[in-house]
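> Just so it is clear, I am handing over protein06.tsv, which has TSV, C-alpha atoms.
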```tsv
chain	number	residue	atom	x	y	z
F	1	MET	CA	110.99	47.59	82.71
F	2	ARG	CA	107.37	46.54	82.32
F	3	ILE	CA	104.67	49.20	82.36
F	4	VAL	CA	101.92	48.94	84.91
F	5	ARG	CA	98.41	50.20	84.34
F	6	PHE	CA	97.07	51.60	87.58
F	7	ALA	CA	94.85	54.17	89.14
F	8	ALA	CA	94.51	57.21	87.02
F	9	ALA	CA	92.07	59.19	89.06
F	10	SER	CA	94.03	59.09	92.28
F	11	LEU	CA	97.35	60.05	90.74
F	12	ALA	CA	95.74	62.70	88.58
F	13	ALA	CA	94.33	64.29	91.71
F	14	VAL	CA	97.77	64.13	93.31
F	15	ALA	CA	99.44	65.86	90.40
F	16	SER	CA	96.85	68.59	89.94
F	17	GLY	CA	96.41	69.74	93.50
F	18	LEU	CA	94.66	66.97	95.41
F	19	HIS	CA	91.08	68.01	94.93
F	20	GLY	CA	89.34	68.30	98.28
F	21	GLN	CA	92.66	67.90	100.09
F	22	ASP	CA	94.13	71.39	99.55
F	23	LEU	CA	95.58	73.26	102.52
F	24	GLU	CA	95.59	76.90	101.45
F	25	PRO	CA	95.68	79.58	104.17
F	26	ARG	CA	94.73	83.24	103.55
F	27	THR	CA	92.44	82.43	100.61
F	28	TYR	CA	90.01	85.13	101.74
F	29	ALA	CA	92.51	87.72	102.99
F	30	ASN	CA	91.85	91.24	101.69
F	31	THR	CA	94.23	92.42	98.96
F	32	PRO	CA	94.65	95.88	97.42
F	33	ILE	CA	92.98	96.05	94.01
F	34	GLY	CA	94.99	96.27	90.81
F	35	LEU	CA	97.82	93.98	91.92
F	36	ASN	CA	99.18	91.20	89.72
F	37	PHE	CA	100.96	88.10	91.01
F	38	LEU	CA	103.18	85.71	89.08
F	39	ILE	CA	103.82	82.46	90.93
F	40	ALA	CA	106.17	79.59	90.20
F	41	GLY	CA	106.82	76.62	92.45
F	42	TYR	CA	108.10	73.11	92.95
F	43	GLY	CA	106.44	70.33	94.92
F	44	HIS	CA	107.35	66.79	95.90
F	45	LEU	CA	104.87	64.11	96.89
F	46	GLU	CA	105.47	60.52	97.93
F	47	GLY	CA	103.28	57.79	99.38
F	48	GLY	CA	100.49	55.33	98.76
F	49	VAL	CA	97.64	55.83	96.32
F	50	ALA	CA	94.47	53.77	96.52
F	51	THR	CA	93.01	52.31	93.33
F	52	ASP	CA	89.49	51.46	92.32
F	53	PRO	CA	88.54	48.17	94.04
F	54	ALA	CA	87.14	46.91	90.74
F	55	LEU	CA	90.72	46.75	89.41
F	56	PRO	CA	93.12	43.88	90.26
F	57	ILE	CA	95.77	46.27	91.61
F	58	GLU	CA	97.27	46.69	95.09
F	59	ASN	CA	100.32	48.03	96.97
F	60	THR	CA	100.43	51.17	94.85
F	61	GLN	CA	103.23	53.66	95.60
F	62	VAL	CA	103.91	56.88	93.70
F	63	GLU	CA	106.43	59.70	93.68
F	64	VAL	CA	105.57	62.99	92.00
F	65	HIS	CA	107.81	65.95	91.20
F	66	SER	CA	105.69	68.86	90.05
F	67	THR	CA	106.06	72.46	88.95
F	68	VAL	CA	103.28	75.01	88.99
F	69	PHE	CA	102.85	78.31	87.19
F	70	ALA	CA	100.08	80.71	88.17
F	71	TYR	CA	98.78	84.21	87.55
F	72	VAL	CA	96.60	86.05	90.07
F	73	ARG	CA	94.85	89.41	89.63
F	74	SER	CA	93.14	91.39	92.40
F	75	LEU	CA	90.26	93.56	91.25
F	76	GLU	CA	87.03	95.24	92.26
F	77	VAL	CA	83.59	93.84	91.43
F	78	PHE	CA	80.60	95.88	92.66
F	79	GLY	CA	82.77	97.41	95.35
F	80	LYS	CA	83.96	94.04	96.65
F	81	SER	CA	87.54	92.81	96.95
F	82	THR	CA	87.91	90.07	94.34
F	83	LYS	CA	90.63	87.79	92.97
F	84	PHE	CA	90.95	85.78	89.79
F	85	ASP	CA	93.66	83.15	89.36
F	86	VAL	CA	94.81	80.66	86.72
F	87	VAL	CA	97.02	77.68	87.64
F	88	VAL	CA	98.88	75.43	85.18
F	89	PRO	CA	100.80	72.44	86.67
F	90	TYR	CA	103.40	70.23	85.01
F	91	ALA	CA	104.51	67.00	86.68
F	92	TRP	CA	106.84	64.01	86.49
F	93	ALA	CA	105.49	60.88	88.15
F	94	SER	CA	106.83	57.41	88.78
F	95	GLY	CA	105.05	54.56	90.48
F	96	SER	CA	104.88	50.88	91.22
F	97	ALA	CA	102.11	48.42	92.01
F	98	THR	CA	101.26	44.74	92.13
F	99	ALA	CA	98.93	43.93	89.24
F	100	ILE	CA	97.44	40.43	88.97
F	101	GLY	CA	100.20	39.15	91.24
F	102	GLN	CA	103.05	40.77	89.29
F	103	PHE	CA	105.17	43.77	90.28
F	104	ARG	CA	105.05	46.54	87.67
F	105	GLU	CA	106.49	50.06	87.28
F	106	ARG	CA	105.71	53.10	85.13
F	107	GLU	CA	106.92	56.67	84.58
F	108	VAL	CA	104.99	59.53	82.99
F	109	SER	CA	105.36	63.29	82.57
F	110	GLY	CA	103.25	66.11	81.18
F	111	PHE	CA	100.76	68.80	82.04
F	112	ALA	CA	98.19	68.11	84.74
F	113	ASP	CA	94.69	69.58	84.59
F	114	PRO	CA	94.67	73.42	84.66
F	115	ARG	CA	92.31	75.32	86.95
F	116	VAL	CA	90.77	78.76	87.22
F	117	ARG	CA	89.23	80.30	90.35
F	118	PHE	CA	87.16	83.38	91.07
F	119	SER	CA	86.90	84.47	94.71
F	120	VAL	CA	85.08	87.43	96.22
F	121	ASN	CA	85.02	88.81	99.76
F	122	LEU	CA	81.37	89.52	100.51
F	123	TYR	CA	81.76	91.12	103.94
F	124	GLY	CA	84.50	92.91	105.87
F	125	ALA	CA	86.97	93.37	103.01
F	126	PRO	CA	86.16	96.46	100.90
F	127	ALA	CA	87.91	97.02	97.59
F	128	LEU	CA	90.77	99.41	98.40
F	129	SER	CA	93.66	100.94	96.49
F	130	LEU	CA	97.17	100.31	97.74
F	131	GLU	CA	97.25	103.79	99.31
F	132	ASP	CA	93.91	103.34	101.12
F	133	PHE	CA	94.87	99.81	102.18
F	134	LYS	CA	97.56	101.20	104.50
F	135	ASN	CA	94.81	102.23	106.96
F	136	TYR	CA	92.77	99.02	106.68
F	137	GLN	CA	92.41	96.83	109.77
F	138	GLN	CA	90.84	93.41	109.35
F	139	ASP	CA	88.13	92.21	111.72
F	140	THR	CA	85.85	89.53	110.21
F	141	ILE	CA	85.82	88.61	106.52
F	142	VAL	CA	83.25	86.38	104.83
F	143	GLY	CA	84.00	85.25	101.29
F	144	ALA	CA	83.09	82.75	98.59
F	145	SER	CA	84.86	81.22	95.63
F	146	LEU	CA	84.21	79.07	92.57
F	147	GLU	CA	86.96	76.89	91.10
F	148	VAL	CA	86.78	75.07	87.76
F	149	THR	CA	89.28	72.39	86.70
F	150	ALA	CA	89.43	71.56	82.99
F	151	PRO	CA	90.45	68.23	81.34
F	152	GLY	CA	93.63	69.64	79.82
F	153	GLY	CA	96.24	67.35	81.32
F	154	GLN	CA	98.14	64.38	79.86
F	155	TYR	CA	95.77	61.44	79.49
F	156	ASP	CA	96.07	58.01	77.85
F	157	ALA	CA	92.87	55.95	78.05
F	158	ASP	CA	94.82	52.71	77.62
F	159	LYS	CA	96.73	53.30	80.85
F	160	LEU	CA	95.66	53.98	84.41
F	161	LEU	CA	98.64	56.11	85.46
F	162	ASN	CA	97.86	59.57	84.11
F	163	LEU	CA	98.40	63.17	85.13
F	164	GLY	CA	95.08	64.38	83.71
F	165	THR	CA	91.61	63.16	84.68
F	166	ASN	CA	89.73	63.50	81.35
F	167	ARG	CA	86.82	65.24	83.10
F	168	TRP	CA	85.69	68.57	84.48
F	169	SER	CA	85.25	69.46	88.12
F	170	VAL	CA	83.63	72.44	89.86
F	171	LYS	CA	84.15	73.46	93.47
F	172	PRO	CA	82.07	76.18	95.19
F	173	GLU	CA	83.35	77.19	98.63
F	174	VAL	CA	82.54	79.65	101.43
F	175	GLY	CA	85.01	80.86	104.04
F	176	ILE	CA	85.34	83.09	107.09
F	177	SER	CA	88.45	84.80	108.46
F	178	LYS	CA	88.66	86.39	111.93
F	179	HIS	CA	91.53	88.64	113.01
F	180	LEU	CA	92.55	88.58	116.69
F	181	GLY	CA	95.68	90.66	117.25
F	182	SER	CA	98.64	88.80	115.73
F	183	VAL	CA	96.49	85.70	115.14
F	184	THR	CA	94.03	85.08	112.31
F	185	LEU	CA	91.59	82.16	112.40
F	186	GLU	CA	90.19	80.83	109.13
F	187	LEU	CA	87.56	78.22	108.31
F	188	ALA	CA	86.32	77.22	104.85
F	189	GLY	CA	83.95	74.56	103.57
F	190	GLY	CA	83.32	73.41	100.02
F	191	VAL	CA	82.14	70.62	97.77
F	192	ARG	CA	83.69	69.44	94.50
F	193	PHE	CA	81.45	68.02	91.77
F	194	TYR	CA	82.79	65.86	88.91
F	195	THR	CA	81.63	65.09	85.41
F	196	ASP	CA	82.02	61.50	84.20
F	197	ASN	CA	85.17	60.17	82.57
F	198	ASP	CA	83.66	58.31	79.61
F	199	ASP	CA	86.97	56.93	78.34
F	200	PHE	CA	88.42	55.33	81.45
F	201	PHE	CA	90.83	52.43	80.96
F	202	GLY	CA	89.78	51.42	77.48
F	203	GLY	CA	86.31	52.94	77.17
F	204	LYS	CA	84.80	52.33	80.60
F	205	VAL	CA	82.69	55.04	82.24
F	206	ARG	CA	84.01	56.23	85.59
F	207	GLU	CA	81.75	58.30	87.82
F	208	GLN	CA	82.64	59.91	91.14
F	209	ASP	CA	80.46	61.27	93.93
F	210	PRO	CA	81.13	64.80	95.20
F	211	ILE	CA	83.90	65.33	97.75
F	212	TYR	CA	82.93	67.47	100.74
F	213	SER	CA	85.75	69.25	102.54
F	214	VAL	CA	86.40	71.61	105.42
F	215	GLN	CA	89.72	73.22	106.23
F	216	GLY	CA	90.94	75.40	109.08
F	217	HIS	CA	94.02	77.56	109.60
F	218	LEU	CA	95.63	79.24	112.60
F	219	ILE	CA	97.85	82.00	111.22
F	220	TYR	CA	100.37	83.99	113.24
F	221	SER	CA	101.77	87.24	111.83
F	222	PHE	CA	105.32	88.22	112.76
F	223	SER	CA	106.97	91.53	111.97
F	224	HIS	CA	108.16	92.57	108.50
F	225	GLY	CA	105.42	90.64	106.70
F	226	ILE	CA	106.45	87.17	107.88
F	227	TRP	CA	103.63	84.80	108.76
F	228	ALA	CA	103.24	81.12	109.62
F	229	ALA	CA	100.19	78.85	109.67
F	230	MET	CA	99.10	75.54	111.12
F	231	ASP	CA	96.71	73.89	108.67
F	232	ALA	CA	94.17	71.06	108.84
F	233	THR	CA	91.57	69.61	106.50
F	234	PHE	CA	88.93	66.88	106.61
F	235	TYR	CA	87.28	65.53	103.46
F	236	THR	CA	84.69	62.87	102.81
F	237	GLY	CA	82.73	61.38	99.90
F	238	GLY	CA	84.17	60.68	96.45
F	239	GLN	CA	82.96	57.09	96.05
F	240	THR	CA	83.56	55.90	92.48
F	241	THR	CA	81.53	53.79	90.06
F	242	VAL	CA	83.04	52.06	87.02
F	243	ASP	CA	80.54	50.81	84.42
F	244	GLY	CA	77.81	50.69	87.07
F	245	VAL	CA	79.91	48.85	89.68
F	246	LYS	CA	80.34	50.86	92.86
F	247	GLY	CA	83.70	50.80	94.62
F	248	ASN	CA	84.16	50.51	98.37
F	249	ASN	CA	86.33	53.63	98.40
F	250	ARG	CA	84.41	56.43	100.07
F	251	LEU	CA	86.88	58.92	101.51
F	252	GLU	CA	86.95	59.96	105.15
F	253	ASN	CA	90.42	61.41	105.60
F	254	THR	CA	92.25	64.06	107.63
F	255	ARG	CA	95.46	65.91	106.81
F	256	LEU	CA	97.64	68.32	108.81
F	257	GLY	CA	100.15	70.80	107.47
F	258	ALA	CA	102.21	73.92	108.03
F	259	THR	CA	102.98	76.99	105.91
F	260	LEU	CA	105.66	79.67	106.24
F	261	ALA	CA	105.75	82.89	104.17
F	262	LEU	CA	108.94	84.95	103.95
F	263	PRO	CA	109.05	88.31	102.13
F	264	VAL	CA	112.24	89.00	100.19
F	265	ASN	CA	111.56	92.60	99.19
F	266	ARG	CA	108.62	94.79	98.14
F	267	ASN	CA	107.89	92.69	95.07
F	268	ASN	CA	109.07	89.19	95.92
F	269	SER	CA	108.25	86.59	98.56
F	270	VAL	CA	108.75	82.87	99.18
F	271	LYS	CA	106.32	80.36	100.71
F	272	LEU	CA	107.21	76.92	102.10
F	273	TYR	CA	104.62	74.24	102.87
F	274	PHE	CA	104.34	70.68	104.17
F	275	SER	CA	101.41	68.35	104.78
F	276	THR	CA	100.86	64.74	105.81
F	277	GLY	CA	97.95	62.36	106.27
F	278	VAL	CA	96.99	61.58	109.88
F	279	SER	CA	93.80	59.59	109.33
F	280	THR	CA	93.01	57.74	106.10
F	281	ARG	CA	89.97	55.51	105.60
F	282	ALA	CA	90.46	55.29	101.84
F	283	GLY	CA	92.15	57.20	99.06
F	284	THR	CA	95.62	58.69	99.26
F	285	ASP	CA	98.06	58.52	102.16
F	286	PHE	CA	101.14	60.60	101.34
F	287	ASP	CA	103.53	63.35	102.41
F	288	ALA	CA	103.79	66.55	100.38
F	289	ALA	CA	106.23	69.47	100.56
F	290	GLY	CA	107.12	72.35	98.32
F	291	ILE	CA	108.24	75.91	97.76
F	292	LEU	CA	106.54	78.76	95.89
F	293	TRP	CA	108.07	82.00	94.64
F	294	GLN	CA	105.77	85.00	94.15
F	295	TYR	CA	106.40	88.22	92.24
F	296	ARG	CA	103.85	91.02	92.53
F	297	PHE	CA	103.56	94.15	90.39
F	298	GLY	CA	101.09	96.86	89.40
F	299	GLY	CA	98.50	98.53	91.59
F	300	GLY	CA	100.80	101.40	92.54
F	301	LEU	CA	103.76	99.37	93.78
```
Can I see the file as structure tokens?


Amino acid sequence: MRIVRFAAASLAAVASGLHGQDLEPRTYANTPIGLNFLIAGYGHLEGGVATDPALPIENTQVEVHSTVFAYVRSLEVFGKSTKFDVVVPYAWASGSATAIGQFREREVSGFADPRVRFSVNLYGAPALSLEDFKNYQQDTIVGASLEVTAPGGQYDADKLLNLGTNRWSVKPEVGISKHLGSVTLELAGGVRFYTDNDDFFGGKVREQDPIYSVQGHLIYSFSHGIWAAMDATFYTGGQTTVDGVKGNNRLENTRLGATLALPVNRNNSVKLYFSTGVSTRAGTDFDAAGILWQYRFGGGL
């Protein structure tokens, strides 16, 4: 089997959470302080991945099996409800493409880029203990977050199929959540900035413009802690430049998804998710599905 060299940046984004394409409901929900969450999950992704137009590669298809391990801590900062989380993904990817007229395949596995995020609810979500939280009723919450992704994933500069990106990224975001009976409406907007990858495909310099994104969620709460969400996101930007040559690959894409959360007992819960592309100008066009298990402890549980 011959090894193909093809688009690192796109697949790396796939394996590490699809920067700018996340569909994550309840990011700014209020949480009792002092709780700890351990999260483990599995995800499957399959579909087309666009490459840099400067490269002689087309018809790219990838399949990614990924696991994710995360730790989340809820805490109080200046009287505000705050969360801090660390996410470490590990993935197995296989792909094929036509390179210079020849069909090629490649497989790779390893860690994808880890990320840390700090989020704070600025309005409508006071820091409460688990006991005080029993009497809390949400109305409107306004929050903000800052996410940093580090270049810690598997990366081989001689190949274009990688799970790491060999660069940093930073994403500030603001969000609002409005509770209306059994329904919660959420809207969040953010922008992700990238540093340069100065060792791209044999020493080239790859730059990428910021990706601007907005996502919305309609969440319905059932009894016994069960909830479901319809999710949507739109993202644009992200045009790349390789050694000064701009690519014709500005994103302008829309994705839809669904999420279902099922509590198992006081400490454990399971979350299922699915998303698909519905409008793709450039970039990735794929289906994604997965399951997450969450164990919570501390904070008076």

> If you measure from CA of Leu38 (chain F) to CA of Asp139 (chain F), what distance in Å do you get, rounded to one decimal?

28.0 Å

> Padding 3 Å on each side, edges along x, y and z: where is the centre of the box around the listed atoms of region 181-199 of chain F, and how long are its edges in Å to one decimal? Output it as AutoDock Vina command-line options.


```
--center_x 90.0 --center_y 73.8 --center_z 97.8 --size_x 23.2 --size_y 39.7 --size_z 44.9
```

> Calculate how many Å separate CA of Phe69 (chain F) from CA of Phe37 (chain F), rounding to one decimal.

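It comes out at 10.7 Å.
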
> Mind listing whatever residues come within 9 Å of the point (97.3, 66.2, 108.0)? Use all atoms listed in the file, file coordinates, and give them as a PyMOL selection string.

chain F and resi 231-234+253-257+275-279+287

> What does the structure give for the distance between CA of Tyr235 (chain F) and CA of Gly153 (chain F), in Å to one decimal?

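Atom-to-atom, CA of Tyr235 (chain F) to CA of Gly153 (chain F), that is 24.0 Å.
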
> When you count only C-alpha atoms, which of these residues is closest to Phe274 (chain F): F:Ser169, F:Leu180, F:Arg296, F:Ala229?

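Once distances to Phe274 (chain F) are computed over only C-alpha atoms, the minimum belongs to F:Ala229.
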
> With all atoms listed in the file counted, which protein, DNA or RNA residues have an atom no more than 8 Å from (82.2, 70.6, 98.0) in the file frame? Please answer as a PyMOL selection string.

chain F and resi 20+171-173+189-193+210-213

> Can I get the selection written as a PDB file, keeping the file's coordinate frame, with C-alpha atoms?


```pdb
ATOM      1  CA  GLY F  20      89.340  68.300  98.280  1.00  0.00           C
ATOM      2  CA  LYS F 171      84.150  73.460  93.470  1.00  0.00           C
ATOM      3  CA  PRO F 172      82.070  76.180  95.190  1.00  0.00           C
ATOM      4  CA  GLU F 173      83.350  77.190  98.630  1.00  0.00           C
ATOM      5  CA  GLY F 189      83.950  74.560 103.570  1.00  0.00           C
ATOM      6  CA  GLY F 190      83.320  73.410 100.020  1.00  0.00           C
ATOM      7  CA  VAL F 191      82.140  70.620  97.770  1.00  0.00           C
ATOM      8  CA  ARG F 192      83.690  69.440  94.500  1.00  0.00           C
ATOM      9  CA  PHE F 193      81.450  68.020  91.770  1.00  0.00           C
ATOM     10  CA  PRO F 210      81.130  64.800  95.200  1.00  0.00           C
ATOM     11  CA  ILE F 211      83.900  65.330  97.750  1.00  0.00           C
ATOM     12  CA  TYR F 212      82.930  67.470 100.740  1.00  0.00           C
ATOM     13  CA  SER F 213      85.750  69.250 102.540  1.00  0.00           C
TER      14      SER F 213
END
```

> Can you tell me which residues surround Glu24 (chain F) at a distance of at most 12 Å, considering all atoms listed in the file, apart from same-chain residues fewer than 6 positions away, and format the answer as a list of chain:residue names?

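After dropping sequence-adjacent residues, the list is F:Gly17, F:Leu18, F:Gly175, F:Glu186, F:Leu187, F:Ala188, F:Val214, F:Gln215, F:Gly216, F:His217, F:Leu218, F:Ile219, F:Ala228, F:Ala229, F:Met230, F:Asp231, F:Ala232, F:Thr233, F:Leu256, F:Gly257, F:Ala258, F:Thr259, F:Leu260, F:Lys271, F:Leu272, F:Tyr273, F:Phe274, F:Ser275.
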